[in-house]
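Have a look at query21.cif; it's mmCIF, C-alpha atoms:
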```
data_target
loop_
_atom_site.label_atom_id
_atom_site.label_comp_id
_atom_site.auth_asym_id
_atom_site.auth_seq_id
_atom_site.Cartn_x
_atom_site.Cartn_y
_atom_site.Cartn_z
CA MET T 22 50.26 42.32 -8.74
CA ARG T 23 50.67 39.40 -11.16
CA LEU T 24 51.12 36.98 -8.23
CA LEU T 25 47.97 38.35 -6.56
CA HIS T 26 46.04 37.94 -9.80
CA ARG T 27 47.15 34.33 -10.11
CA ALA T 28 46.22 33.62 -6.49
CA LEU T 29 42.75 35.09 -6.96
CA LEU T 30 42.31 33.13 -10.17
CA SER T 31 43.27 29.90 -8.38
CA VAL T 32 40.77 30.57 -5.60
CA ALA T 33 38.01 31.34 -8.11
CA THR T 34 38.77 28.18 -10.05
CA ALA T 35 38.64 26.09 -6.88
CA LEU T 36 35.31 27.63 -5.86
CA CYS T 37 33.80 26.95 -9.28
CA ALA T 38 34.98 23.37 -9.10
CA ALA T 39 33.47 22.95 -5.66
CA VAL T 40 30.12 24.34 -6.86
CA ALA T 41 30.23 22.12 -9.91
CA VAL T 42 30.70 18.93 -7.92
CA SER T 43 28.64 19.76 -4.86
CA PRO T 44 25.28 18.45 -6.22
CA LEU T 45 26.89 15.15 -7.15
CA SER T 46 28.66 14.97 -3.81
CA ALA T 47 25.41 15.63 -1.97
CA GLN T 48 23.65 12.95 -3.98
CA THR T 49 26.43 10.43 -3.46
CA ALA T 50 26.41 11.08 0.29
CA TYR T 51 22.65 10.42 0.56
CA PRO T 52 21.23 9.90 3.08
CA THR T 53 22.69 12.25 5.67
CA LYS T 54 19.58 12.50 7.88
CA PRO T 55 16.47 10.46 8.77
CA ILE T 56 14.04 9.58 5.96
CA THR T 57 10.27 9.98 6.29
CA LEU T 58 8.26 7.04 4.99
CA LEU T 59 4.68 8.27 4.63
CA VAL T 60 1.83 5.78 4.96
CA PRO T 61 -1.47 7.34 3.76
CA THR T 62 -3.66 5.46 6.24
CA ALA T 63 -4.03 5.09 9.98
CA ALA T 64 -1.49 3.28 12.14
CA GLY T 65 -2.12 -0.37 12.89
CA GLY T 66 -3.58 -1.35 9.53
CA PRO T 67 -2.19 -3.75 6.91
CA THR T 68 -0.24 -1.20 4.89
CA ASP T 69 1.21 0.26 8.07
CA THR T 70 2.35 -3.24 9.05
CA VAL T 71 4.09 -3.76 5.70
CA ALA T 72 5.69 -0.30 5.87
CA ARG T 73 7.14 -0.79 9.34
CA LEU T 74 8.78 -4.08 8.39
CA ILE T 75 10.28 -2.54 5.25
CA ALA T 76 11.36 0.65 7.07
CA GLU T 77 13.36 -1.21 9.68
CA SER T 78 15.29 -3.21 7.10
CA MET T 79 15.85 -0.29 4.71
CA GLY T 80 17.13 1.84 7.56
CA LYS T 81 19.91 -0.66 8.18
CA SER T 82 20.95 -0.67 4.52
CA LEU T 83 20.85 3.12 4.20
CA GLY T 84 22.51 3.83 7.54
CA GLN T 85 19.73 6.19 8.60
CA THR T 86 16.50 5.90 10.56
CA VAL T 87 13.39 5.55 8.38
CA VAL T 88 10.55 7.23 10.29
CA ILE T 89 6.93 6.23 9.65
CA GLU T 90 4.41 9.07 9.31
CA ASN T 91 0.73 8.15 9.04
CA VAL T 92 -1.36 10.67 7.07
CA SER T 93 -4.85 9.27 6.55
CA GLY T 94 -7.99 10.50 4.83
CA ALA T 95 -9.77 10.65 1.46
CA GLY T 96 -8.79 7.15 0.38
CA GLY T 97 -5.08 7.89 0.77
CA THR T 98 -5.11 10.94 -1.51
CA ILE T 99 -4.27 13.40 1.28
CA GLY T 100 -1.07 11.58 2.11
CA MET T 101 -0.06 10.87 -1.48
CA GLY T 102 -0.77 14.50 -2.37
CA ARG T 103 1.71 15.56 0.27
CA VAL T 104 4.32 13.22 -1.21
CA ALA T 105 3.71 14.62 -4.71
CA ARG T 106 4.43 18.14 -3.39
CA ALA T 107 7.49 17.18 -1.34
CA ALA T 108 11.05 18.01 -2.37
CA PRO T 109 12.50 15.30 -4.66
CA ASP T 110 15.52 14.72 -2.47
CA GLY T 111 14.85 11.21 -1.19
CA TYR T 112 13.89 12.28 2.32
CA THR T 113 10.14 11.80 1.72
CA ILE T 114 8.98 8.50 0.28
CA ALA T 115 5.72 6.55 0.53
CA ILE T 116 4.30 3.04 0.64
CA TRP T 117 0.75 2.63 -0.63
CA HIS T 118 -1.26 0.02 -2.43
CA VAL T 119 -3.78 -0.51 -5.22
CA ALA T 120 -5.75 2.56 -4.07
CA HIS T 121 -3.08 4.71 -5.72
CA ALA T 122 -4.35 3.37 -9.06
CA THR T 123 -8.03 3.89 -8.27
CA ALA T 124 -7.73 7.56 -7.26
CA PRO T 125 -8.10 9.13 -10.75
CA ALA T 126 -11.42 7.34 -11.35
CA LEU T 127 -12.77 8.17 -7.90
CA TYR T 128 -11.71 11.79 -7.39
CA ALA T 129 -12.58 14.21 -10.18
CA GLY T 130 -10.60 17.01 -8.53
CA LEU T 131 -7.48 14.98 -7.85
CA LYS T 132 -4.54 17.38 -7.79
CA TYR T 133 -1.85 14.95 -8.81
CA ASP T 134 -1.28 12.29 -11.45
CA PRO T 135 -0.49 8.90 -9.83
CA VAL T 136 1.88 8.00 -12.66
CA ALA T 137 3.39 11.28 -13.91
CA ASP T 138 3.86 13.07 -10.56
CA PHE T 139 5.83 10.35 -8.82
CA ASP T 140 9.05 8.45 -9.24
CA GLN T 141 8.43 4.73 -8.92
CA ILE T 142 10.81 2.79 -6.64
CA GLY T 143 9.38 -0.73 -6.80
CA ARG T 144 6.63 -3.18 -5.91
CA ILE T 145 6.77 -4.89 -2.54
CA THR T 146 4.12 -7.56 -2.06
CA ASP T 147 0.70 -8.77 -3.24
CA VAL T 148 -1.47 -9.30 -0.17
CA PRO T 149 -4.49 -11.65 -0.29
CA MET T 150 -7.80 -10.44 1.08
CA THR T 151 -10.01 -12.34 3.52
CA LEU T 152 -13.76 -12.36 4.13
CA VAL T 153 -14.25 -11.89 7.88
CA THR T 154 -17.12 -11.11 10.26
CA LYS T 155 -17.79 -10.41 13.89
CA THR T 156 -18.14 -13.60 15.92
CA ALA T 157 -21.90 -13.19 16.37
CA VAL T 158 -22.64 -13.76 12.66
CA PRO T 159 -24.43 -17.16 12.43
CA ALA T 160 -22.77 -18.43 9.22
CA LYS T 161 -20.52 -21.43 9.86
CA ASP T 162 -18.71 -21.55 6.49
CA VAL T 163 -18.32 -19.50 3.32
CA THR T 164 -21.37 -21.05 1.63
CA GLU T 165 -23.54 -20.08 4.59
CA LEU T 166 -21.90 -16.64 4.67
CA ILE T 167 -22.82 -15.97 1.03
CA ALA T 168 -26.39 -17.12 1.70
CA TRP T 169 -26.53 -14.88 4.78
CA LEU T 170 -25.26 -11.84 2.85
CA ARG T 171 -27.89 -12.38 0.15
CA LYS T 172 -30.66 -12.84 2.70
CA GLU T 173 -29.77 -9.89 4.93
CA ASN T 174 -28.60 -7.64 2.05
CA THR T 175 -28.98 -3.99 3.09
CA ASN T 176 -29.16 -4.96 6.76
CA VAL T 177 -25.48 -5.97 6.66
CA THR T 178 -22.94 -3.33 7.66
CA TYR T 179 -19.31 -3.51 6.56
CA GLY T 180 -16.23 -1.53 7.49
CA HIS T 181 -13.68 -0.14 5.07
CA ALA T 182 -10.75 2.30 4.97
CA GLY T 183 -12.45 4.84 2.72
CA ILE T 184 -13.83 4.97 -0.81
CA GLY T 185 -11.32 3.38 -3.17
CA SER T 186 -9.37 1.57 -0.46
CA ALA T 187 -8.59 -2.13 -0.93
CA SER T 188 -11.16 -3.06 1.72
CA HIS T 189 -13.82 -0.99 -0.05
CA LEU T 190 -12.99 -2.26 -3.54
CA CYS T 191 -13.04 -5.89 -2.45
CA THR T 192 -16.49 -5.52 -0.88
CA LEU T 193 -17.71 -3.50 -3.87
CA ILE T 194 -16.77 -6.27 -6.30
CA LEU T 195 -18.21 -8.93 -3.98
CA SER T 196 -21.47 -6.98 -3.67
CA GLN T 197 -21.75 -6.59 -7.45
CA THR T 198 -21.10 -10.30 -7.91
CA LEU T 199 -23.76 -11.29 -5.36
CA GLY T 200 -26.26 -8.60 -6.35
CA VAL T 201 -26.48 -7.12 -2.85
CA GLU T 202 -26.14 -3.61 -1.42
CA LEU T 203 -24.32 -3.77 1.89
CA ARG T 204 -24.10 -0.62 4.03
CA GLY T 205 -20.57 0.73 4.30
CA ILE T 206 -18.96 2.47 7.27
CA ALA T 207 -15.80 4.42 6.42
CA TYR T 208 -12.83 4.51 8.78
CA ARG T 209 -9.43 6.19 8.54
CA GLY T 210 -7.91 2.76 8.12
CA THR T 211 -8.77 -0.88 8.70
CA GLY T 212 -6.65 -0.84 11.85
CA PRO T 213 -9.33 1.12 13.74
CA ALA T 214 -12.04 -0.68 11.77
CA MET T 215 -10.72 -4.02 13.02
CA ASN T 216 -11.08 -2.84 16.61
CA ASP T 217 -14.76 -2.13 15.99
CA LEU T 218 -15.30 -5.43 14.17
CA ILE T 219 -13.84 -7.27 17.15
CA GLY T 220 -16.17 -5.23 19.35
CA GLY T 221 -19.17 -6.18 17.21
CA GLN T 222 -19.89 -2.63 16.01
CA PHE T 223 -20.46 -3.81 12.42
CA ASP T 224 -20.89 -7.16 10.67
CA PHE T 225 -18.49 -7.79 7.81
CA MET T 226 -15.16 -6.79 6.29
CA CYS T 227 -12.98 -7.82 3.37
CA ASP T 228 -9.46 -7.01 4.47
CA GLN T 229 -5.86 -7.98 3.89
CA THR T 230 -4.35 -11.03 5.57
CA THR T 231 -1.74 -8.74 7.15
CA ASN T 232 -4.56 -7.31 9.28
CA THR T 233 -6.79 -10.36 9.76
CA THR T 234 -4.55 -13.42 10.19
CA ASN T 235 -3.73 -13.03 13.88
CA GLN T 236 -7.28 -11.94 14.74
CA ILE T 237 -8.73 -15.03 13.04
CA LYS T 238 -6.24 -17.34 14.76
CA ASP T 239 -7.02 -15.78 18.13
CA GLY T 240 -10.76 -16.29 17.61
CA LYS T 241 -11.53 -12.57 17.84
CA ILE T 242 -13.24 -12.57 14.43
CA ARG T 243 -14.47 -15.27 12.02
CA GLY T 244 -12.63 -15.99 8.79
CA TYR T 245 -14.44 -17.61 5.85
CA ALA T 246 -12.40 -17.45 2.65
CA VAL T 247 -9.46 -15.85 0.85
CA THR T 248 -9.70 -13.95 -2.43
CA THR T 249 -6.71 -15.50 -4.19
CA LYS T 250 -6.70 -18.49 -6.55
CA GLN T 251 -4.58 -20.47 -4.07
CA ARG T 252 -5.01 -21.01 -0.35
CA VAL T 253 -2.88 -18.95 2.00
CA SER T 254 -0.29 -20.84 4.04
CA SER T 255 -0.89 -18.80 7.19
CA LEU T 256 -4.64 -19.60 7.05
CA PRO T 257 -4.71 -23.13 5.58
CA ASP T 258 -8.25 -23.88 6.72
CA LEU T 259 -9.78 -21.04 4.70
CA PRO T 260 -10.91 -22.02 1.18
CA THR T 261 -10.64 -19.75 -1.82
CA LEU T 262 -13.80 -18.10 -3.16
CA ASP T 263 -12.76 -19.32 -6.60
CA SER T 264 -12.88 -22.96 -5.47
CA GLY T 265 -16.33 -22.62 -3.97
CA PRO T 266 -19.31 -20.31 -4.35
CA ILE T 267 -17.80 -17.62 -6.63
CA LYS T 268 -15.75 -18.98 -9.52
CA GLY T 269 -13.16 -16.61 -10.93
CA PHE T 270 -13.19 -14.22 -7.96
CA GLU T 271 -9.73 -12.79 -7.29
CA VAL T 272 -8.67 -9.57 -5.54
CA THR T 273 -5.28 -8.74 -4.05
CA ALA T 274 -3.87 -5.57 -2.53
CA TRP T 275 -0.47 -4.99 -4.13
CA HIS T 276 1.86 -2.61 -2.28
CA ALA T 277 4.65 -0.48 -3.69
CA MET T 278 7.01 2.40 -2.91
CA TRP T 279 6.96 5.86 -4.49
CA ALA T 280 8.84 9.17 -4.20
CA PRO T 281 8.23 12.71 -5.49
CA LYS T 282 8.97 13.20 -9.19
CA GLY T 283 12.52 14.27 -10.02
CA LEU T 284 14.76 12.24 -7.71
CA PRO T 285 18.46 12.33 -8.66
CA ARG T 286 19.45 9.04 -10.26
CA GLU T 287 21.94 8.27 -7.48
CA VAL T 288 19.22 8.63 -4.84
CA THR T 289 16.78 6.47 -6.79
CA ASP T 290 19.41 3.76 -7.19
CA LYS T 291 20.11 3.74 -3.45
CA LEU T 292 16.42 3.50 -2.56
CA VAL T 293 15.83 0.71 -5.08
CA ALA T 294 18.83 -1.22 -3.77
CA ALA T 295 17.71 -0.79 -0.15
CA LEU T 296 14.17 -1.95 -0.99
CA GLN T 297 15.45 -4.99 -2.85
CA THR T 298 17.71 -5.84 0.08
CA ALA T 299 14.76 -5.52 2.48
CA LEU T 300 12.72 -7.97 0.41
CA LYS T 301 15.53 -10.52 0.78
CA ASP T 302 15.77 -9.94 4.53
CA ALA T 303 15.03 -13.21 6.35
CA LYS T 304 13.08 -11.37 9.06
CA VAL T 305 10.88 -9.60 6.50
CA ILE T 306 10.23 -12.84 4.61
CA GLU T 307 9.36 -14.66 7.84
CA ARG T 308 6.99 -11.94 9.05
CA PHE T 309 5.36 -11.65 5.63
CA ALA T 310 4.77 -15.42 5.58
CA ALA T 311 3.18 -15.31 9.03
CA LEU T 312 0.81 -12.65 7.70
CA GLY T 313 -0.13 -14.61 4.59
CA THR T 314 1.98 -12.88 1.96
CA GLU T 315 5.50 -12.84 0.47
CA PRO T 316 7.79 -10.40 -1.36
CA VAL T 317 7.28 -10.06 -5.10
CA PRO T 318 10.00 -11.55 -7.35
CA PRO T 319 13.12 -9.36 -7.82
CA SER T 320 12.20 -8.66 -11.44
CA GLN T 321 9.11 -6.79 -10.22
CA THR T 322 10.93 -4.74 -7.59
CA THR T 323 12.12 -2.13 -10.08
CA PRO T 324 10.91 1.33 -11.16
CA ASP T 325 10.12 0.12 -14.70
CA ALA T 326 8.07 -2.86 -13.50
CA LEU T 327 6.08 -0.68 -11.08
CA ARG T 328 5.48 1.96 -13.74
CA ALA T 329 4.03 -0.66 -16.10
CA GLN T 330 1.95 -2.22 -13.32
CA LEU T 331 0.56 1.12 -12.19
CA SER T 332 -0.37 2.28 -15.70
CA ALA T 333 -2.23 -0.98 -16.35
CA GLU T 334 -4.02 -0.85 -12.99
CA VAL T 335 -5.16 2.77 -13.52
CA GLN T 336 -6.88 1.69 -16.74
CA ARG T 337 -8.34 -1.46 -15.19
CA TRP T 338 -9.91 0.29 -12.22
CA ASP T 339 -11.10 3.26 -14.26
CA THR T 340 -13.37 0.90 -16.18
CA ALA T 341 -14.55 -1.02 -13.09
CA ILE T 342 -15.23 2.05 -10.94
CA LYS T 343 -17.07 3.99 -13.63
CA LYS T 344 -19.24 0.94 -14.28
CA ALA T 345 -20.11 0.81 -10.58
CA GLY T 346 -20.83 4.56 -10.47
CA VAL T 347 -18.73 5.07 -7.32
CA LYS T 348 -17.23 8.43 -6.41
CA GLY T 349 -14.74 9.38 -3.72
CA GLU T 350 -15.83 11.41 -0.73
#
```
Please, can you express the file's structure as structure tokens?
Amino acid sequence: MRLLHRALLSVATALCAAVAVSPLSAQTAYPTKPITLLVPTAAGGPTDTVARLIAESMGKSLGQTVVIENVSGAGGTIGMGRVARAAPDGYTIAIWHVAHATAPALYAGLKYDPVADFDQIGRITDVPMTLVTKTAVPAKDVTELIAWLRKENTNVTYGHAGIGSASHLCTLILSQTLGVELRGIAYRGTGPAMNDLIGGQFDFMCDQTTNTTNQIKDGKIRGYAVTTKQRVSSLPDLPTLDSGPIKGFEVTAWHAMWAPKGLPREVTDKLVAALQTALKDAKVIERFAALGTEPVPPSQTTPDALRAQLSAEVQRWDTAIKKAGVKGE
């Protein structure tokens, strides 16, 4: 009987030990299956382009496929809401941009907090914006474009990826600066919007170089200026707005990676490391450069740096959006 008791005690002790270490073992083994990288806009747009480059490289580092899932609508809040509700196990992550910071000011009924309900992984890149039009617009340079926008005013139609998207915010700030009221057409992303701009279905768009560079070079649309303080190497002929008709104008679409709140530390560390490795990947750097952008410095590709950036941007855009009186749809 005593031997049986000891045997049972040994089995019980072993089981308890296994239970005690199993969470850590599971975390250490991460990932053991494909990871979903959610992009809260339509396929083919600038953020989707960034995400696919990052996903391919991260998949190699993590030893698992990183699958892109596009969930568009409501300025990205539908997709990011899904991420906020997902299990914090590292198998659902997201890449989104500055629109994540504008959501609280735009959507009174927002069901998540962009800062508190997510774990920050790191920033990725700051993408310049470009002023582009359909080829039929008569303006030959940015000075003529500004004059044309002021003259035509409400007759000008522009495409954007939804209220609060980078393409919408850029045009909103430009319109306020020029004192015009252009007529917006909302799309599920600037990927599909670009198709209509090429087809001449609307007049104007302010969109990221990752979506406009190749189209400008191919002559499918007209490019006039970039919204950064320096010229963009992939579009060297385009002047900056700051150097010409609109001094001080600067808008960029910064991109970053998030996960649901509550990731185990080991999982967070692996995702951060894989992201940082991706941003050093020669293929990623080369493709980013061809699209007019580059990875952010390593010091900014951390959870702490992204948390600080996001908090500051939420405050910045809250002031700007409330002043403009814009609300999400």
Which residues are near Gln330 of chain T? Cut-off 12 Å, only C-alpha atoms, ignore same chain within fewer than 3 positions. Put them as JSON, numbers by chain.
{"T": [118, 119, 121, 122, 135, 136, 141, 143, 144, 275, 276, 277, 321, 322, 323, 324, 325, 326, 327, 333, 334, 335, 336, 337]}
Long-range neighbours of segment 232-239 of chain T as a ChimeraX atom specification, 6 Å cut-off, only C-alpha atoms, 4 positions minimum in chain:
/T:67,243-244,312
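Minimum atom-to-atom distances from T:Val247, T:Leu218, T:Ala274, T:Leu131 to Ala105 of chain T were compared using all atoms listed in the file, and the lowest value belongs to T:Leu131.
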For each of T:Met79, T:Ala187, T:Ile99, T:Ala115, take the minimum atom-to-atom distance to Leu58 of chain T, counting all atoms listed in the file, then give the residue where this is smallest.
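Nearest candidate to Leu58 of chain T out of T:Met79, T:Ala187, T:Ile99, T:Ala115: T:Ala115.
Distance check against Asn91 of chain T using all atoms listed in the file: of T:Leu203, T:Leu300, T:Ala64, T:Val347, the minimum falls on T:Ala64.
Each of T:Met215, T:Ala95, T:Ala157, T:Val104 was compared to Val60 of chain T using all atoms listed in the file, and T:Val104 turns out to be the nearest.
Distance annotation: of T:Val153, T:Ala126, T:Leu259, T:Val293, the residue with the minimal separation from Asp228 of chain T is T:Val153; atom set is only C-alpha atoms.
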Near Ile75 of chain T, counting all atoms listed in the file, which residues have an atom at most 9 Å away, once you skip same-chain residues fewer than 5 positions from it, shown as a PDB file with C-alpha atoms, in the frame of the given file?
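Saved result, selection28.pdb, follows:
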```
ATOM      1  CA  THR T  70       2.350  -3.240   9.050  1.00  0.00           C
ATOM      2  CA  GLY T  80      17.130   1.840   7.560  1.00  0.00           C
ATOM      3  CA  ILE T 145       6.770  -4.890  -2.540  1.00  0.00           C
ATOM      4  CA  LEU T 296      14.170  -1.950  -0.990  1.00  0.00           C
ATOM      5  CA  ALA T 299      14.760  -5.520   2.480  1.00  0.00           C
ATOM      6  CA  LEU T 300      12.720  -7.970   0.410  1.00  0.00           C
ATOM      7  CA  VAL T 305      10.880  -9.600   6.500  1.00  0.00           C
TER       8      VAL T 305
END
```
Residue nearest Arg328 of chain T - candidates T:Ala137, T:Ala72, T:Ala246, T:Ala168, atoms counted: all atoms listed in the file:
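Checking each of T:Ala137, T:Ala72, T:Ala246, T:Ala168 against Arg328 of chain T, counting all atoms listed in the file, the winner is T:Ala137.
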